[in-house]
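Note: the block below is final00.txt and it holds compact mmCIF, C-alpha atoms.
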# COMPACT_ATOMS: atom_id res chain seq x y z
CA MET A 1 -19.68 -16.49 -17.59
CA ILE A 2 -17.30 -14.26 -19.52
CA ASP A 3 -15.25 -17.15 -21.00
CA GLY A 4 -15.64 -17.25 -24.76
CA ILE A 5 -14.64 -15.75 -28.10
CA TYR A 6 -15.73 -12.19 -28.84
CA ILE A 7 -15.74 -9.73 -31.70
CA ALA A 8 -14.96 -6.28 -30.32
CA TYR A 9 -15.76 -2.95 -31.97
CA PHE A 10 -13.79 0.08 -30.76
CA ALA A 11 -14.22 3.83 -31.26
CA SER A 12 -12.09 6.67 -29.93
CA LYS A 13 -11.18 10.24 -30.84
CA ALA A 14 -8.78 9.27 -33.65
CA GLY A 15 -10.62 6.38 -35.28
CA ASN A 16 -12.35 3.03 -35.12
CA SER A 17 -11.15 -0.55 -35.06
CA MET A 18 -12.31 -4.10 -34.48
CA GLY A 19 -10.69 -7.18 -33.07
CA MET A 20 -11.21 -10.70 -31.78
CA PHE A 21 -10.66 -11.72 -28.17
CA VAL A 22 -10.66 -14.97 -26.24
CA PHE A 23 -11.40 -14.94 -22.51
CA LYS A 24 -10.56 -18.34 -21.04
CA ASN A 25 -9.57 -19.44 -17.52
CA GLY A 26 -8.20 -16.04 -16.52
CA ILE A 27 -6.29 -15.43 -19.77
CA ILE A 28 -7.12 -12.86 -22.46
CA ALA A 29 -5.68 -13.24 -25.97
CA GLY A 30 -6.58 -11.48 -29.16
CA GLY A 31 -5.70 -9.43 -32.18
CA ASP A 32 -7.14 -6.67 -34.33
CA ILE A 33 -7.36 -5.61 -37.95
CA GLY A 34 -4.15 -3.59 -37.64
CA GLY A 35 -2.20 -6.74 -36.83
CA TRP A 36 -1.75 -5.83 -33.17
CA VAL A 37 -1.68 -8.62 -30.59
CA TYR A 38 -3.39 -8.38 -27.22
CA LYS A 39 -2.38 -10.37 -24.13
CA GLY A 40 -3.77 -10.14 -20.64
CA GLU A 41 -5.32 -11.66 -17.60
CA TYR A 42 -8.48 -11.33 -15.54
CA THR A 43 -10.14 -12.58 -12.40
CA VAL A 44 -13.84 -12.84 -11.74
CA GLY A 45 -15.05 -11.18 -8.55
CA ASP A 46 -18.06 -11.92 -6.40
CA ASP A 47 -19.57 -8.68 -7.70
CA GLY A 48 -20.16 -10.18 -11.18
CA PHE A 49 -17.32 -8.32 -12.89
CA ALA A 50 -14.10 -9.42 -14.57
CA GLU A 51 -11.12 -7.31 -13.48
CA GLY A 52 -7.73 -7.40 -15.10
CA ALA A 53 -5.58 -5.82 -17.76
CA VAL A 54 -4.71 -6.21 -21.43
CA THR A 55 -1.32 -5.27 -22.88
CA PHE A 56 -0.75 -4.39 -26.53
CA GLU A 57 2.13 -2.90 -28.43
CA ILE A 58 1.84 0.03 -30.83
CA PRO A 59 4.42 -0.63 -33.58
CA ALA A 60 7.06 2.04 -34.26
CA GLY A 61 5.54 4.81 -36.37
CA ALA A 62 1.98 3.55 -35.94
CA ALA A 63 -0.92 5.44 -34.36
CA SER A 64 -3.63 4.10 -32.08
CA ILE A 65 -7.30 5.03 -32.26
CA THR A 66 -6.77 7.10 -29.10
CA GLY A 67 -4.47 9.39 -31.12
CA VAL A 68 -1.13 8.26 -29.66
CA THR A 69 1.72 7.53 -32.10
CA ALA A 70 4.73 5.39 -31.26
CA ASP A 71 7.87 7.26 -32.30
CA ASP A 72 10.93 5.31 -33.44
CA GLN A 73 10.35 2.54 -30.88
CA PRO A 74 7.27 0.39 -30.24
CA LEU A 75 5.11 1.56 -27.35
CA SER A 76 3.73 -1.05 -24.95
CA VAL A 77 0.40 -0.10 -23.40
CA ARG A 78 -1.28 -1.84 -20.45
CA VAL A 79 -5.02 -1.16 -20.23
CA PRO A 80 -7.08 -2.04 -17.16
CA ILE A 81 -10.40 -3.75 -17.79
CA HIS A 82 -13.59 -3.91 -15.76
CA LEU A 83 -16.33 -5.79 -17.58
CA PRO A 84 -19.44 -7.65 -16.45
CA VAL A 85 -19.17 -11.44 -16.67
CA ILE A 86 -22.29 -11.42 -18.83
CA ILE A 87 -21.57 -8.90 -21.57
CA ASP A 88 -24.58 -7.23 -23.16
CA PRO A 89 -23.93 -7.03 -26.94
CA ASP A 90 -26.06 -3.88 -27.17
CA GLU A 91 -24.17 -2.06 -24.40
CA THR A 92 -21.26 0.29 -25.05
CA TYR A 93 -18.50 -0.04 -22.45
CA ARG A 94 -16.11 2.81 -21.75
CA ILE A 95 -12.50 1.68 -21.34
CA GLU A 96 -10.02 4.09 -19.81
CA THR A 97 -6.59 3.68 -21.41
CA PRO A 98 -3.44 5.53 -20.38
CA GLN A 99 -3.76 7.46 -23.69
CA GLY A 100 -7.42 8.35 -23.29
CA PRO A 101 -10.84 6.71 -23.28
CA LEU A 102 -12.36 4.47 -25.90
CA ASN A 103 -15.79 2.97 -26.32
CA ALA A 104 -16.19 -0.75 -26.96
CA LYS A 105 -18.96 -3.14 -27.90
CA PHE A 106 -18.44 -6.87 -27.52
CA ARG A 107 -20.42 -9.56 -29.31
CA LYS A 108 -19.92 -13.12 -28.07
CA VAL A 109 -19.32 -15.52 -30.93
CA THR A 110 -19.18 -18.71 -28.88
CA GLY A 111 -18.68 -19.96 -25.35
CA ALA A 112 -15.29 -21.26 -24.33
Conversion result in structure tokens:
Amino acid sequence: MIDGIYIAYFASKAGNSMGMFVFKNGIIAGGDIGGWVYKGEYTVGDDGFAEGAVTFEIPAGAASITGVTADDQPLSVRVPIHLPVIIDPDETYRIETPQGPLNAKFRKVTGA
């Protein structure tokens, strides 16, 4: 099952990052090294995948690893997710964001 705490490693055209995520009972919560907070939701389908979305806010004047910079106002970004319920820590997953793709690796720290 996908529920648990994960370390996530991200790479995109403008940089790299890492964060921590909790998947629990349909809720996603997390944060990253830039101080950004992630909130979202998911459902688990019969096909063995978790579908949902994560929302994060790019602070005013800050840039994301996809190369997008928030001007004088924060920019809220909602990113759809489609991940297997059993995440392979050696697999790289492509995540399509509204600002461009990023690659992610997830390592499960503990079950929920």
* If we count all atoms listed in the file, what is near Tyr93 of chain A at a cut-off of 9 Å, once residues fewer than 5 positions away on the same chain are taken out, given as JSON, numbers by chain? -> {"A": [83, 102, 103, 104, 105, 106]}
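Candidate residues A:Lys24, A:Lys13, A:Lys39, A:Arg107 were compared for distance to Ser76 of chain A, and the nearest is A:Lys39, using all atoms listed in the file.
What separates atom CA of Gln99 of chain A from atom CA of Ala63 of chain A is a distance of 11.2 Å.
Separating atom CA of Tyr42 of chain A from atom CA of Ile86 of chain A is a distance of 14.2 Å.
For the pair atom CA of Val68 of chain A and atom CA of Gly26 of chain A, the interatomic distance is 28.5 Å.
Take the candidates A:Val37, A:Ala70, A:Ala62, A:Ala11 and check each one against Ile95 of chain A using only C-alpha atoms; the shortest distance goes to A:Ala11.
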* Asked: Do you know which residues lie at most 7 Å from (-3.6, 5.4, -24.7), with coordinates as in the file and all atoms listed in the file counted, and could you write them as a PyMOL selection string?
  -> chain A and resi 66+68+77+97-100
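Distances from A:Phe21, A:Thr110, A:Met1, A:Pro101 to Gly67 of chain A were compared using all atoms listed in the file, and the smallest one belongs to A:Pro101.
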The centre and edge lengths of an axis-aligned box containing all atoms of segment 16-31 of chain A present in the file, extended by 8 Å on each side, are to be given in Å to one decimal, as lines of an AutoDock Vina configuration file.
center_x = -9.0
center_y = -8.2
center_z = -25.8
size_x = 22.7
size_y = 38.5
size_z = 34.6
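For the choices A:Phe49, A:Gly40, A:Gly34, A:Ile7, the atom-to-atom distance to Pro84 of chain A is smallest for A:Phe49 when using all atoms listed in the file.
Nearest residue to Glu91 of chain A, choosing from A:Val109, A:Gly35, A:Tyr9, A:Asp71 and counting all atoms listed in the file: A:Tyr9.
Minimum atom-to-atom distances from A:Met20, A:Leu75, A:Ile58, A:Ala50 to Ala8 of chain A were compared using all atoms listed in the file, and the lowest value belongs to A:Met20.
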